[in-house]
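**Student:** my_file-v8.tsv is reproduced below (TSV, C-alpha atoms and all ligand atoms).
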```tsv
chain	number	residue	atom	x	y	z
X	196	MET	CA	112.48	50.39	127.46
X	197	ILE	CA	112.39	52.77	130.41
X	198	SER	CA	115.74	54.16	131.58
X	199	LYS	CA	116.55	53.98	135.30
X	200	ARG	CA	119.48	56.38	135.26
X	201	ARG	CA	119.58	60.05	136.08
X	202	ILE	CA	118.83	62.36	133.21
X	203	GLY	CA	120.01	65.94	132.78
X	204	GLY	CA	122.18	68.24	134.85
X	205	GLU	CA	125.85	69.07	134.55
X	206	MET	CA	127.72	66.77	132.18
X	207	GLU	CA	129.89	64.20	133.91
X	208	ILE	CA	133.49	63.60	132.80
X	209	HIS	CA	134.62	59.99	132.75
X	210	PRO	CA	138.38	59.69	133.40
X	211	GLY	CA	138.82	57.88	130.09
X	212	GLY	CA	137.38	60.95	128.37
X	213	LEU	CA	140.42	62.96	129.44
X	214	ALA	CA	142.68	61.11	127.01
X	215	PRO	CA	143.28	62.81	123.64
X	216	ARG	CA	140.51	61.84	121.24
X	217	GLU	CA	140.09	61.42	117.52
X	218	GLY	CA	138.33	64.11	115.54
X	219	ASP	CA	138.75	67.69	114.41
X	220	GLY	CA	137.42	69.23	117.55
X	221	VAL	CA	134.01	70.66	118.23
X	222	TRP	CA	134.67	74.39	117.86
X	223	PRO	CA	132.29	75.75	115.21
X	224	VAL	CA	133.52	77.83	112.29
X	225	PHE	CA	131.65	80.95	111.10
X	226	SER	CA	132.54	82.05	107.60
X	227	GLY	CA	134.44	85.33	107.40
X	228	LYS	CA	135.06	85.47	111.14
X	229	GLU	CA	138.14	84.86	113.29
X	230	GLY	CA	137.59	83.19	116.66
X	231	ILE	CA	139.31	83.68	119.97
X	232	HIS	CA	138.87	81.08	122.71
X	233	CYS	CA	138.04	82.05	126.29
X	234	ASP	CA	136.47	80.48	129.38
X	235	THR	CA	132.76	81.37	129.43
X	236	GLY	CA	130.01	82.90	127.32
X	237	ARG	CA	129.92	85.97	129.56
X	238	SER	CA	133.66	86.47	128.98
X	239	ALA	CA	133.10	86.25	125.22
X	240	LEU	CA	130.33	88.82	125.58
X	241	ALA	CA	132.52	91.11	127.68
X	242	LEU	CA	135.26	90.93	125.03
X	243	ALA	CA	132.76	91.83	122.30
X	244	LEU	CA	131.36	94.71	124.33
X	245	ALA	CA	134.86	96.05	125.05
X	246	ASP	CA	135.75	95.86	121.36
X	247	TRP	CA	132.55	97.64	120.35
X	248	GLN	CA	133.14	100.35	122.99
X	249	LYS	CA	136.59	101.04	121.53
X	250	LYS	CA	135.27	101.12	117.96
X	251	SER	CA	132.23	103.27	118.75
X	252	GLY	CA	134.24	105.69	120.89
X	253	ASP	CA	131.95	104.71	123.77
X	254	HIS	CA	129.06	106.63	122.21
X	255	GLY	CA	126.59	103.95	121.15
X	256	ARG	CA	123.73	102.20	122.90
X	257	PHE	CA	123.54	98.47	123.58
X	258	TRP	CA	120.25	96.80	122.66
X	259	ALA	CA	119.25	93.36	123.90
X	260	PRO	CA	116.01	91.33	123.92
X	261	ASP	CA	114.09	91.35	127.18
X	262	TYR	CA	114.00	87.53	127.19
X	263	LEU	CA	117.58	86.87	128.17
X	264	CYS	CA	119.95	84.99	130.45
X	265	HIS	CA	120.78	87.18	133.48
X	266	SER	CA	124.52	86.67	132.87
X	267	VAL	CA	124.30	88.87	129.78
X	268	GLY	CA	122.86	91.84	131.67
X	269	ASP	CA	125.37	91.25	134.47
X	270	ALA	CA	128.32	91.28	132.04
X	271	ALA	CA	127.12	94.58	130.53
X	272	ALA	CA	126.54	96.10	133.98
X	273	ARG	CA	130.09	95.24	135.03
X	274	LEU	CA	131.37	97.27	132.10
X	275	GLY	CA	129.02	100.12	133.05
X	276	ILE	CA	126.97	99.62	129.87
X	277	PRO	CA	123.20	100.19	130.22
X	278	VAL	CA	121.00	97.72	128.36
X	279	GLU	CA	118.18	99.06	126.17
X	280	ALA	CA	115.60	96.28	126.00
X	281	TYR	CA	113.56	95.39	122.95
X	282	SER	CA	110.90	92.74	122.79
X	283	ASP	CA	111.94	89.32	121.49
X	284	ARG	CA	111.66	85.82	122.90
X	285	PRO	CA	111.64	82.20	121.69
X	286	ALA	CA	108.79	81.34	119.33
X	287	MET	CA	107.54	84.94	119.39
X	288	LEU	CA	105.09	85.66	116.62
X	289	LYS	CA	105.81	89.36	116.24
X	290	SER	CA	109.06	90.66	117.66
X	291	ASP	CA	109.60	94.35	118.17
X	292	PHE	CA	113.12	95.03	116.92
X	293	PRO	CA	114.79	98.35	117.74
X	294	THR	CA	115.69	101.33	115.55
X	295	PRO	CA	119.42	101.54	116.27
X	296	GLY	CA	121.61	104.59	115.80
X	297	ASP	CA	124.87	104.50	113.83
X	298	ARG	CA	127.19	103.50	116.67
X	299	ASP	CA	124.84	101.13	118.46
X	300	LEU	CA	125.27	97.42	119.08
X	301	VAL	CA	122.29	95.06	118.83
X	302	LEU	CA	122.36	91.65	120.49
X	303	ILE	CA	120.20	88.97	118.90
X	304	VAL	CA	119.72	85.59	120.53
X	305	HIS	CA	119.25	82.21	118.86
X	306	TYR	CA	117.17	80.36	121.42
X	307	PHE	CA	117.40	76.63	122.19
X	308	GLY	CA	119.33	75.79	119.01
X	309	LEU	CA	116.69	77.18	116.66
X	310	VAL	CA	117.82	79.93	114.35
X	311	ASN	CA	116.14	83.22	115.19
X	312	ARG	CA	114.69	83.68	111.71
X	313	ALA	CA	112.68	86.78	112.63
X	314	ALA	CA	115.86	88.52	113.78
X	315	LEU	CA	117.79	87.47	110.68
X	316	ALA	CA	114.96	88.65	108.40
X	317	TRP	CA	114.94	92.00	110.21
X	318	LEU	CA	118.72	92.20	109.79
X	319	ALA	CA	118.51	91.36	106.12
X	320	GLY	CA	116.28	94.40	105.73
X	321	HIS	CA	119.16	96.61	106.96
X	322	ALA	CA	121.92	95.70	104.51
X	323	GLU	CA	123.43	99.22	104.69
X	324	ARG	CA	123.52	99.47	108.49
X	325	ARG	CA	126.35	101.26	110.29
X	326	TRP	CA	125.48	99.79	113.68
X	327	LEU	CA	126.94	96.47	114.77
X	328	VAL	CA	125.28	93.14	115.54
X	329	LEU	CA	126.30	90.53	118.08
X	330	GLU	CA	124.73	87.10	117.64
X	331	ASP	CA	124.41	85.12	120.87
X	332	CYS	CA	124.92	81.54	119.67
X	333	VAL	CA	125.47	80.11	123.16
X	334	GLN	CA	122.34	77.99	122.63
X	335	ALA	CA	122.90	77.46	118.89
X	336	PRO	CA	126.57	77.01	117.99
X	337	TYR	CA	125.87	74.22	115.49
X	338	SER	CA	122.73	75.39	113.68
X	339	ALA	CA	123.29	76.47	110.08
X	340	GLY	CA	122.69	80.19	109.64
X	341	ALA	CA	123.30	81.22	113.25
X	342	GLY	CA	126.46	83.30	113.71
X	343	GLU	CA	126.92	84.22	110.07
X	344	ALA	CA	125.13	87.55	109.56
X	345	GLY	CA	126.34	89.49	112.61
X	346	ASP	CA	129.61	91.32	113.20
X	347	TYR	CA	130.30	89.25	116.31
X	348	ALA	CA	129.16	85.82	117.49
X	349	ILE	CA	129.60	84.23	120.91
X	350	ILE	CA	129.39	80.60	121.96
X	351	SER	CA	129.81	78.68	125.23
X	352	LEU	CA	130.66	75.02	124.69
X	353	ARG	CA	130.44	74.18	128.38
X	354	LYS	CA	126.67	73.99	127.78
X	355	TRP	CA	127.17	71.33	125.12
X	356	TRP	CA	130.08	69.10	126.11
X	357	PRO	CA	131.63	67.54	129.20
X	358	THR	CA	134.18	70.26	129.94
X	359	PRO	CA	134.77	72.64	132.84
X	360	ASP	CA	134.96	75.72	130.62
X	361	GLY	CA	135.36	76.66	126.96
X	362	ALA	CA	133.75	79.49	125.02
X	363	ALA	CA	134.66	81.80	122.15
X	364	LEU	CA	134.14	85.19	120.56
X	365	TYR	CA	134.12	85.38	116.76
X	366	SER	CA	134.55	88.69	114.95
X	367	ARG	CA	134.34	89.79	111.34
X	368	GLN	CA	136.81	92.62	111.87
X	369	THR	CA	140.16	92.36	113.62
X	370	LEU	CA	139.57	92.74	117.33
X	371	ALA	CA	141.10	95.72	119.13
X	372	ALA	CA	143.65	94.60	121.77
X	373	VAL	CA	142.19	91.60	123.62
X	374	ASP	CA	143.02	91.30	127.28
X	375	LEU	CA	142.61	87.78	128.71
X	376	ALA	CA	143.61	86.75	132.23
X	377	ASN	CA	144.95	83.27	132.92
X	378	ALA	CA	142.45	80.47	133.50
X	379	ASP	CA	141.23	80.43	137.11
X	380	GLU	CA	142.47	77.33	138.88
X	381	ALA	CA	139.75	77.65	141.55
X	382	PHE	CA	137.00	77.64	138.91
X	383	VAL	CA	138.41	74.99	136.58
X	384	SER	CA	139.45	72.58	139.36
X	385	ARG	CA	136.12	72.76	141.15
X	386	ARG	CA	134.12	72.13	138.02
X	387	LEU	CA	136.43	69.39	136.77
X	388	ALA	CA	136.44	67.66	140.16
X	389	ALA	CA	132.64	67.92	140.33
X	390	GLN	CA	132.20	66.46	136.86
X	391	LEU	CA	134.60	63.59	137.63
X	392	LEU	CA	132.82	62.94	140.92
X	393	ARG	CA	129.43	62.81	139.20
X	394	ALA	CA	130.79	60.25	136.72
X	395	ALA	CA	132.07	58.16	139.63
X	396	GLY	CA	128.65	58.18	141.34
X	397	GLY	CA	129.89	60.38	144.22
X	398	SER	CA	127.82	62.43	146.61
X	399	ASP	CA	125.29	64.78	144.99
X	400	ALA	CA	125.68	67.33	147.74
X	401	THR	CA	129.44	67.55	147.19
X	402	PHE	CA	129.19	67.60	143.41
X	403	LEU	CA	126.46	70.27	143.37
X	404	GLY	CA	128.25	72.33	146.02
X	405	TRP	CA	131.45	72.46	143.95
X	406	ILE	CA	129.51	73.48	140.83
X	407	ARG	CA	127.72	76.23	142.79
X	408	ASP	CA	130.98	77.48	144.31
X	409	ALA	CA	132.61	77.58	140.88
X	410	GLU	CA	129.73	79.50	139.28
X	411	ALA	CA	129.79	82.02	142.15
X	412	LEU	CA	133.38	82.90	141.18
X	413	LEU	CA	132.18	84.16	137.78
X	414	GLY	CA	130.45	87.20	139.30
X	415	SER	CA	133.79	88.97	139.73
X	416	SER	CA	135.93	87.21	137.13
X	417	PRO	CA	137.57	89.04	134.19
X	418	PRO	CA	137.54	87.37	130.75
X	419	ARG	CA	140.00	84.49	130.87
X	420	HIS	CA	141.81	82.10	128.57
X	421	CYS	CA	140.22	78.73	127.90
X	422	SER	CA	141.83	76.23	130.28
X	423	TRP	CA	144.37	73.68	129.08
X	424	ILE	CA	142.04	70.84	130.00
X	425	ALA	CA	139.11	72.36	128.09
X	426	GLU	CA	141.24	72.92	124.99
X	427	GLY	CA	142.12	69.23	125.18
X	428	LEU	CA	138.55	68.03	125.74
X	429	LEU	CA	137.10	70.23	123.00
X	430	GLY	CA	139.92	69.41	120.59
X	431	GLY	CA	138.29	66.02	119.93
X	432	GLY	CA	134.75	64.70	120.08
X	433	ASP	CA	132.14	63.35	117.75
X	434	LEU	CA	130.01	66.28	116.68
X	435	GLY	CA	128.13	64.25	114.04
X	436	ALA	CA	126.98	61.69	116.61
X	437	ALA	CA	126.00	64.39	119.11
X	438	ARG	CA	124.02	66.26	116.48
X	439	ALA	CA	122.14	63.10	115.47
X	440	ARG	CA	121.39	62.10	119.08
X	441	ARG	CA	120.09	65.53	120.00
X	442	ARG	CA	117.84	65.66	116.97
X	443	ASP	CA	116.55	62.11	117.48
X	444	ASN	CA	115.79	62.88	121.11
X	445	TRP	CA	113.97	66.09	120.16
X	446	PHE	CA	111.73	64.23	117.73
X	447	ALA	CA	111.10	61.42	120.23
X	448	LEU	CA	109.80	64.00	122.73
X	449	GLU	CA	107.90	65.86	120.04
X	450	ARG	CA	106.11	62.64	119.03
X	451	GLY	CA	105.49	61.63	122.63
X	452	VAL	CA	104.07	65.02	123.61
X	453	ALA	CA	101.79	65.00	120.56
X	454	ALA	CA	100.63	61.43	121.20
X	455	HIS	CA	99.76	62.02	124.86
X	456	ALA	CA	98.07	65.40	124.23
X	457	ILE	CA	98.27	66.43	127.88
X	458	MET	CA	96.10	69.36	128.86
X	459	GLY	CA	98.34	72.04	130.39
X	460	LEU	CA	101.50	71.01	128.51
X	461	ALA	CA	102.51	72.35	125.11
X	462	PRO	CA	105.73	72.30	123.12
X	463	LEU	CA	107.25	75.75	122.73
X	464	PHE	CA	108.28	75.23	119.12
X	465	ALA	CA	106.28	73.65	116.31
X	466	THR	CA	109.25	72.57	114.19
X	467	LEU	CA	112.97	71.88	114.09
X	468	ALA	CA	114.62	72.56	110.72
X	469	PRO	CA	116.87	69.86	109.19
X	470	ASP	CA	120.05	71.85	109.85
X	471	GLU	CA	119.28	72.92	113.42
X	472	VAL	CA	120.86	71.26	116.48
X	473	PRO	CA	118.76	71.70	119.61
X	474	LEU	CA	120.04	72.53	123.09
X	475	ALA	CA	116.99	71.15	124.93
X	476	TYR	CA	113.30	70.47	124.28
X	477	PRO	CA	111.39	73.41	125.80
X	478	ILE	CA	107.79	72.97	126.89
X	479	ARG	CA	105.23	75.28	128.47
X	480	ILE	CA	103.34	74.18	131.56
X	481	THR	CA	100.23	76.24	132.23
X	482	GLY	CA	98.04	76.46	135.32
X	483	GLY	CA	100.89	77.36	137.68
X	484	ARG	CA	102.14	73.75	137.75
X	485	ARG	CA	105.60	74.20	136.23
X	486	ASP	CA	107.52	74.24	139.50
X	487	ASP	CA	105.59	71.24	140.84
X	488	LEU	CA	106.33	69.26	137.70
X	489	ARG	CA	109.99	70.26	137.86
X	490	SER	CA	110.25	69.07	141.48
X	491	TRP	CA	108.40	65.86	140.62
X	492	LEU	CA	110.83	65.12	137.81
X	493	ALA	CA	113.84	65.94	140.02
X	494	GLY	CA	112.47	63.45	142.53
X	495	LYS	CA	112.60	60.83	139.76
X	496	GLY	CA	116.19	61.77	138.85
X	497	ILE	CA	115.28	63.94	135.85
X	498	TYR	CA	116.80	67.41	136.11
X	499	CYS	CA	115.27	70.16	133.97
X	500	PRO	CA	116.67	73.68	133.86
X	501	ILE	CA	114.61	76.83	133.47
X	502	HIS	CA	115.73	79.12	130.67
X	503	TRP	CA	115.38	81.65	132.34
X	504	SER	CA	114.05	83.35	135.44
X	505	LEU	CA	113.78	87.00	134.42
X	506	PRO	CA	114.17	90.23	136.38
X	507	GLU	CA	111.07	92.29	137.15
X	508	SER	CA	112.12	94.82	134.53
X	509	ALA	CA	111.25	92.31	131.74
X	510	SER	CA	107.93	92.79	129.93
X	511	ALA	CA	104.81	91.06	131.24
X	512	ALA	CA	104.75	88.76	128.21
X	513	ALA	CA	108.38	87.73	128.75
X	514	GLN	CA	107.68	87.12	132.46
X	515	HIS	CA	104.66	85.04	131.54
X	516	LEU	CA	106.73	82.73	129.34
X	517	ALA	CA	109.53	82.55	131.93
X	518	ALA	CA	107.00	81.39	134.53
X	519	GLU	CA	105.78	78.51	132.33
X	520	ILE	CA	108.87	77.32	130.49
X	521	LEU	CA	110.75	74.11	131.27
X	522	SER	CA	113.68	72.62	129.32
X	523	LEU	CA	113.64	68.83	128.94
X	524	PRO	CA	117.13	67.30	128.54
X	525	ILE	CA	117.89	65.77	125.14
X	526	ASP	CA	121.67	65.90	124.98
X	527	GLN	CA	123.99	63.30	123.48
X	528	ARG	CA	124.28	61.30	126.70
X	529	TYR	CA	120.73	60.07	126.19
X	530	GLY	CA	118.75	57.89	123.87
X	531	ALA	CA	115.25	56.61	123.16
X	532	GLY	CA	114.85	54.80	126.51
X	533	ASP	CA	115.66	57.99	128.38
X	534	MET	CA	113.14	59.99	126.35
X	535	ASP	CA	110.51	57.33	127.15
X	536	ALA	CA	111.40	57.67	130.82
X	537	ILE	CA	110.92	61.44	130.71
X	538	LEU	CA	107.55	61.08	128.96
X	539	GLU	CA	106.41	58.39	131.37
X	540	CYS	CA	107.26	60.52	134.41
X	541	ILE	CA	105.49	63.55	132.95
X	542	ASN	CA	102.41	61.42	132.26
X	543	GLU	CA	102.49	60.05	135.77
X	544	PHE	CA	102.55	63.60	137.17
X	545	PHE	CA	99.53	64.68	135.15
X	546	ARG	CA	97.65	61.43	135.89
X	547	GLY	CA	98.15	62.23	139.57
X	548	ILE	CA	96.50	65.62	139.05
X	549	THR	CA	93.50	64.37	137.15
X	550	SER	CA	92.81	61.18	139.11
X	601	LIG	C1	121.96	82.84	125.67
X	601	LIG	C2	123.11	82.87	126.64
X	601	LIG	N1	124.09	83.75	126.47
X	601	LIG	C3	125.15	83.80	127.31
X	601	LIG	C4	125.28	82.94	128.37
X	601	LIG	C5	126.49	82.98	129.27
X	601	LIG	O1	127.27	81.80	129.12
X	601	LIG	P1	128.22	81.33	130.33
X	601	LIG	O2	127.34	80.75	131.38
X	601	LIG	O3	129.17	80.34	129.73
X	601	LIG	O4	128.92	82.57	130.81
X	601	LIG	C6	124.28	82.03	128.60
X	601	LIG	C7	124.35	81.14	129.76
X	601	LIG	O5	123.52	80.28	129.99
X	601	LIG	C8	123.17	81.97	127.70
X	601	LIG	O6	122.21	81.05	127.87
```
Please, can you express the file's structure as structure tokens?
Ligand SMILES: Cc1ncc(COP(=O)(O)O)c(C=O)c1O
**Tutor:**
Amino acid sequence: MISKRRIGGEMEIHPGGLAPREGDGVWPVFSGKEGIHCDTGRSALALALADWQKKSGDHGRFWAPDYLCHSVGDAAARLGIPVEAYSDRPAMLKSDFPTPGDRDLVLIVHYFGLVNRAALAWLAGHAERRWLVLEDCVQAPYSAGAGEAGDYAIISLRKWWPTPDGAALYSRQTLAAVDLANADEAFVSRRLAAQLLRAAGGSDATFLGWIRDAEALLGSSPPRHCSWIAEGLLGGGDLGAARARRRDNWFALERGVAAHAIMGLAPLFATLAPDEVPLAYPIRITGGRRDDLRSWLAGKGIYCPIHWSLPESASAAAQHLAAEILSLPIDQRYGAGDMDAILECINEFFRGITS
């Protein structure tokens, strides 16, 4: 069955979803770590960086992979912290991890819901380290093994659930004084209104404009508390069902991509482990056709993000991947018919090229 509905993009909030729900909540737990809720992933990162600065006496260096969401570099820059890049990216065969000094902080990223096993193996080889490790689990809050080995872990549940905000910092040691501003009404209201409007089938231009306006506020926002509405939305929810849907959808696309064997399209990852929960299904489109395919899919109501456009300072290899990557939506809103629709539209695009 081919789905006719829109696929991907910001998660809509149905008014009925605002009512208190059954369940234990969808905040992950990382053994040996205490969590503190905040509004966004970049706030969680800023809190971790501030804590590390206090503990290191402001003397260490901050290392981060060169394949990274721009918001991470921006958050560091706002604290006046230079980023020392090392080479790591999703599905990289041979990463080039740094040689940190005693007071340094190393960020490792778990990409797309897959555990960064190369980074964890490298870490395991440094059992006696005096430097600290921050695991970015924004894309992998629910995959077993992510968020356990580092001193800090950050998540951002607004990427995973219908909520205007909601993120957290987890720390093995007690955090130095944490300073959180109140939730920003302008940000939360715009996003909530946009998500309600999308659910009601309202105007795309209005909905997208409100989301854009809200995101623009983050450029100058201090770390803030998680909003009341997000605490409510994330206090319930069916994580088991979401996990199963996301995995089923991943494998449906994996099978479809393998069966169609389209020249110029390749999956980024060969496997998904049994205890990993994917964010999206990333593919590589070669031949300079990625942006055309993305526009084609958007024209069919299928919205695929790019994780990520990189600054010119990134290595050539990282830039190369960033120019080819496309994330196909597989989240819990969707099922087999939607995955068929995505595959059918991709096939149609490539048939148009070869015919
Ligand atoms: C890996 C990673 N870390 C951090 C962030 C920042 O999260 P937020 O947008 O909630 O600030 C993002 C955002 O996409 C991300 O992908």
**Student:** Using all atoms listed in the file for the distances, tell me which of X:Pro223, X:Gly218, X:Gly414, X:Gly345 is nearest to ligand LIG 601 (chain X).
**Tutor:**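 Once distances to ligand LIG 601 (chain X) are computed over all atoms listed in the file, the minimum belongs to X:Gly414.
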**Student:** Return as a PyMOL selection string every polymer residue, whether protein, DNA or RNA, with at least one atom no more than 6 Å from an atom of ligand LIG 601 (chain X); count all atoms listed in the file.
**Tutor:** chain X and resi 235-237+264+266-267+331+333-334+351
**Student:** So how many Å separate atom CA of X:Leu375 and atom CA of X:Ile406, to one decimal?
**Tutor:**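 Atom CA of X:Leu375 sits 22.9 Å away from atom CA of X:Ile406.
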**Student:** Measuring between all atoms listed in the file, which one of X:Leu327, X:Ala348, X:Val383, X:Ala245 shows the shortest distance to X:Glu229?
**Tutor:**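 Smallest distance to X:Glu229 is found for X:Ala348.
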**Student:** So the first atom is atom CA of X:Asp261 and the second is atom CA of X:Gln514; what is the distance between them in Å, to one decimal place?
**Tutor:** 9.3 Å
**Student:** Between atom CA of X:Glu343 and atom CA of X:Glu449, measure the distance and give it in Å to one decimal.
**Tutor:** 28.3 Å
**Student:** Which residues, written as a PDB file with C-alpha atoms, keeping the file's coordinate frame, have at least one atom at most 9 Å from X:Pro293, with all atoms listed in the file counted and residues fewer than 5 positions away on the same chain left out?
**Tutor:**
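Below you can see out-v3.pdb, which holds the result:
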```pdb
ATOM      1  CA  TRP X 258     120.250  96.800 122.660  1.00  0.00           C
ATOM      2  CA  ALA X 280     115.600  96.280 126.000  1.00  0.00           C
ATOM      3  CA  TYR X 281     113.560  95.390 122.950  1.00  0.00           C
ATOM      4  CA  SER X 282     110.900  92.740 122.790  1.00  0.00           C
ATOM      5  CA  VAL X 301     122.290  95.060 118.830  1.00  0.00           C
TER       6      VAL X 301
END
```
**Student:** List as a PyMOL selection string the protein and nucleic acid residues near stretch 317-322 of chain X, meaning an atom at most 8 Å away when only C-alpha atoms are counted, but skip any in the same chain fewer than 2 places from it.
**Tutor:** chain X and resi 292+313-315+324+344
**Student:** Which polymer residues, whether protein, DNA or RNA, lie within 12 Å of the coordinate (119.4, 58.5, 120.3) when you count only C-alpha atoms? List them as a ChimeraX atom specification, using the chain letters and numbers from the file.
**Tutor:** /X:436-448,525-535
**Student:** Name the residues in contact with X:Leu263 at a cut-off of 12 Å, using only C-alpha atoms, excluding same-chain residues fewer than 2 positions from it; report them as an MDAnalysis selection string.
**Tutor:** chainID X and resid 258:261 265:269 278 280:285 302:307 331 333:334 501:506 508:510 513:514 516:517
**Student:** Just the residues within 10 Å of X:Gly340, please, counting all atoms listed in the file, with nothing from its chain fewer than 3 positions along; format it as a list in words.
**Tutor:** Phe225, Leu309, Val310, Asn311, Arg312, Leu315, Ala335, Pro336, Tyr337, Glu343, Ala344, Asp470 and Glu471 of chain X
**Student:** Extract, using all atoms listed in the file, all DNA, RNA and protein residues at most 10 Å from X:Ser522, discarding same-chain residues fewer than 4 positions from it, and format them as number ranges by chain.
**Tutor:** X: 203, 307, 463, 474-479, 489, 498-503
**Student:** Let me have the centre and edge lengths in Å, one decimal, of the box along x, y and z around every listed atom of stretch 417-429 of chain X with 4 Å of margin on each side, as AutoDock Vina command-line options.
**Tutor:**
```
--center_x 140.7 --center_y 78.5 --center_z 128.6 --size_x 15.3 --size_y 29.0 --size_z 19.2
```
**Student:** Which of these, X:Ala241, X:Ser251, X:Ala400, X:Leu492, has the shortest distance to X:Glu543 once you count only C-alpha atoms?
**Tutor:**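 The answer is X:Leu492, which sits nearest to X:Glu543.
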